[in-house]
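Written below as structure tokens is the structure these notes are about.
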Amino acid sequence: DLTTPKSTLAAALEQVVAMYDVGVPDRPPNGETLRRLDRYIDRVAVVSDENASEPIRIATAKLVNRLRTWPDEVPLEEAAANEPQRRALRVLTAHLQRLWLERKGVELDEAQLCGMFRILAVRSLELRAEGADLRAVMLDLQDIVEDPATAPRLWRDLCEIGQQLAEERAWLVRDDLIDRLQHLGHALLPSARLRPDIGRLSQVTRDNVAAPPAPIHIDAPDGSVEVVRDIAARIDPCRRNLAITGLPGSGKSALLHSIATSRMDTCDVVYLTWVQLQSTAGAPRVELNLTHDLSTVLRGWTGSRPGLLLLDGIDQTRGTDPSGWLPQLVKHLDGTRWRIIATIRAFDLRHSFAWREMFAGSPDVPEHAEAELSDVAHVCVGDFSDGEIADICSRSPALARLFASAPSDLRMLLANPFNLSIAADLIRTAPAADLSRIRDRLDLLGQYWRIRVASVPNGRLRERVLRAIVGAMVSKRAQYATDTDIDDASMLGVVDELLRDGVLRDLGHQPWPSQRPVAFSHPVVFDYAAALMALGDPNRPDAVAETLDGDPDLAMLLRPSLDMRMAAAWRSDSTKASYWRLALRLVASESGHIIAAAAAAAVAAA
């Protein structure tokens, strides 16, 4: 009897009334809060099997389907097209009015009754073996699993989850349901709405692999030498989130690139560079031309293979710090198949609580770890080992001769991958360059700058263009600029020359084709250029303090450049008098700049 309060129809409608009154869980990320039912996005379905009575299967189902779009100004009674539907309307109305009165202690008005009918659906499904609805369900399920043969098992698990939720009167939002199904061993395909974004991320990854963000080879005079670091074989990127850290120029980006290329066939890989990581979660969405936020795409990108999110240079967007949203992305992906591997300079990892928390854990390879980072899951990439240098020399006689003739201090300097790459470039393109007098990286970069920028026939034009590019980078707090940042169009040919000579590099395809974004060939080259061009006149030590007075944030944005500038100031001052005046000026209690003062102290101590 459908009219009795003990009927299964009454029990189902009791849940409808409760949802209408209390609400339902909101969409992520607000899933723990309740929201009111929305007729345009929600449907509360009362579902029975093929054994349901005819009044439910036919009359009630048709009536409710019509009531969902019934106009406010037309009486509800007119929605019933025949006597069975009129009886169904009386039964539904009586149950809903009784349940509302029991729940709220007041009568249900016409507007509330219409509101319930607009979110209600009644459906009878043929779910017995070979039933029409079950066959349709199986076809749908085959479209969302990697192996169509697993669709029956997926259906059984869905039924068990549904039964459990019904008994507990509990909820599952879509992401949590997917997590539970994957935990049960189901390899689900991504949602159709996310597949265009997944395709876009895959294309960006292929582009970044083809045009790595930093050199991955050493271009020696007798050919290109690819270096495979010993540490690479000891890293398991699929085990947990991991930071790849080390000093500037130690080869962090090259190691991450090797992980990307070696795992493309066995993992789903998303490989992004610092250019594509900005200060807010929405900025990468625009940069990558995605319809949905990165976290939504990755969490919805299901599959049976491990997922690797590789992020190169999360510290390099120093003026547009992504440390606010990237840790949230990590939390959002917790429990999924995705692991995050990111490169970051050791200084930034040591001094940022957000980054340390993002990679909380213990070092993966104890002998390749920093003592100060014992609570961080990381590997520290250092200089080339003796074995790696021997391997490089065996494949390049020119580099073998360089190491053989170099003084001990220079050999130690060349053990750094970036330094060796710069030295190899110099002996390849300027055979007359004298490297024997080079004492440190500052000397090496000075030699490189003279040969590549200052001493060529149009050296002053090159410096003028680079000054404009550095100024634009500092202004927008990023390590890239576009050719539109150069006011004089006649200078664009100089940009082409700098790209050809490897001082700058093209960042490739961007959403706005009218602009060509460029960056320095390596972050260390940017640091040197900024030390020369963004911190005041390099011939006047006090210019650093004056520049920071005008823009104090530069101390954080250009911290590595400050180290170089202080080292140059120390070296050029034979008495150290002007150096100490600058240092005391920077440490002044009211008008000083503590980060720059620390750089001055570190240079003096060294």
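Following the order of the structure tokens, chains are lettered A, B, ..., residues in each are numbered from 1, and ligands are numbered from 1.
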
**OP:** Tell me, as a ChimeraX atom specification, which residues lie within 10 Å of region 207-220 of chain A, counting only C-alpha atoms; anything in the same chain fewer than 5 positions away does not count.
**Re:** /A:201-202,225-228,249,251-258,260-261,270-275,312-313,392,395-399,417-418,420-429,505-509,519-523

**OP:** Enumerate as a list in words all residues of region 375-520 of chain A assigned to strand (DSSP E) by DSSP on the backbone, naming them with the chain letters and numbers the document uses.
**Re:** His378, Val379, Cys380, Ala481, Thr482, Leu504, Arg505, Asp506, Pro517, Val518, Ala519 and Phe520 of chain A

**OP:** Tell me, as a VMD selection string, which residues lie within 12 Å of Gln142 (chain A), counting only C-alpha atoms; anything in the same chain fewer than 3 positions away does not count.
**Re:** chain A and resid 135 to 139 145 to 155 186 to 189

Now that the selection is made, can you save its residues with C-alpha atoms as a CSV table (one decimal), in the first residue's frame?
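After the write, out.csv holds the following:
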chain,number,residue,atom,x,y,z
A,135,ARG,CA,23.0,-3.7,-20.3
A,136,ALA,CA,23.0,0.1,-20.7
A,137,VAL,CA,24.8,0.5,-17.4
A,138,MET,CA,27.5,-2.1,-18.5
A,139,LEU,CA,28.0,-0.2,-21.8
A,145,VAL,CA,37.5,1.7,-17.2
A,146,GLU,CA,40.8,0.9,-18.9
A,147,ASP,CA,39.8,-2.8,-19.3
A,148,PRO,CA,36.2,-3.1,-20.4
A,149,ALA,CA,36.1,-6.7,-19.0
A,150,THR,CA,36.2,-5.3,-15.5
A,151,ALA,CA,32.9,-3.5,-15.8
A,152,PRO,CA,30.8,-6.2,-14.1
A,153,ARG,CA,33.2,-6.1,-11.0
A,154,LEU,CA,32.9,-2.3,-11.0
A,155,TRP,CA,29.1,-2.6,-11.0
A,186,HIS,CA,39.6,-0.3,-10.5
A,187,ALA,CA,41.6,1.4,-13.2
A,188,LEU,CA,39.3,4.3,-14.2
A,189,LEU,CA,39.6,6.5,-17.3

Subject >> Nearby residues (only C-alpha atoms) at most 12 Å from region 479-481 of chain A, same-chain spacing under 4 positions excluded, as JSON, numbers by chain >> reply: {"A": [213, 273, 274, 275, 276, 277, 278, 313, 314, 315, 316, 317, 318, 319, 320, 465, 466, 467, 468, 469, 470, 471, 472, 473, 474, 475, 485, 486, 495, 504, 505, 506, 507, 508, 515, 516, 517, 518, 519, 520, 521, 522, 523, 524, 525, 526, 527, 529, 530, 557, 558]}

**OP:** Show which residues sit within 12 Å of region 107-109 of chain A, as an MDAnalysis selection string. Count only C-alpha atoms, and ignore same-chain residues fewer than 2 positions away.
**Re:** chainID A and resid 17 21 93:105 111:116

**OP:** Check the DSSP output for the backbone and give back, as an MDAnalysis selection string, the residues of region 86-252 of chain A in alpha helix (DSSP H).
**Re:** chainID A and resid 86:104 110:119 132:142 151:168 174:183 195:210 252

**OP:** Write out as a PyMOL selection string the residues lying within 12 Å of region 360-369 of chain A, counting only C-alpha atoms and excluding same-chain residues fewer than 5 positions away.
**Re:** chain A and resi 230-237+239-246+327+330-331+346+349+353-355+374-383+385

**OP:** For Ile178 (chain A), please output as a PyMOL selection string all residues within 12 Å (counting only C-alpha atoms; exclusion window: fewer than 5 positions along the same chain).
**Re:** chain A and resi 144-145+154+157-158+161+172-173+183-191+299-303+335-337

Subject >> Distance criterion (only C-alpha atoms): nearest to Thr266 (chain A) out of A:Ala567, A:Cys238, A:Met358, A:Val286 >> reply: A:Cys238

Subject >> Atomic separation - CA of Ala568 (chain A) relative to CA of Arg439 (chain A), Å >> reply: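 CA of Ala568 (chain A) lies at a distance of 12.6 Å from CA of Arg439 (chain A).
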
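Of the listed residues A:Pro560, A:Pro84, A:Pro541, A:Gly550, the one whose atoms come nearest to Asp348 (chain A) is A:Pro560, with distances taken using only C-alpha atoms.
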
Original post:
What is the distance between CA of Gly307 (chain A) and CA of Asp268 (chain A), in Å to one decimal?
Top reply: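 It comes out at 4.7 Å.
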
Subject >> Separation of CA of Pro221 (chain A) from CA of Ser455 (chain A) in Å >> reply: 21.2 Å

**OP:** Return the single residue from A:Ile344, A:Arg118, A:Thr3, A:Ala283 that is closest to Leu310 (chain A), with distances computed using only C-alpha atoms.
**Re:**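 Distance minimum relative to Leu310 (chain A) lands on A:Ile344.
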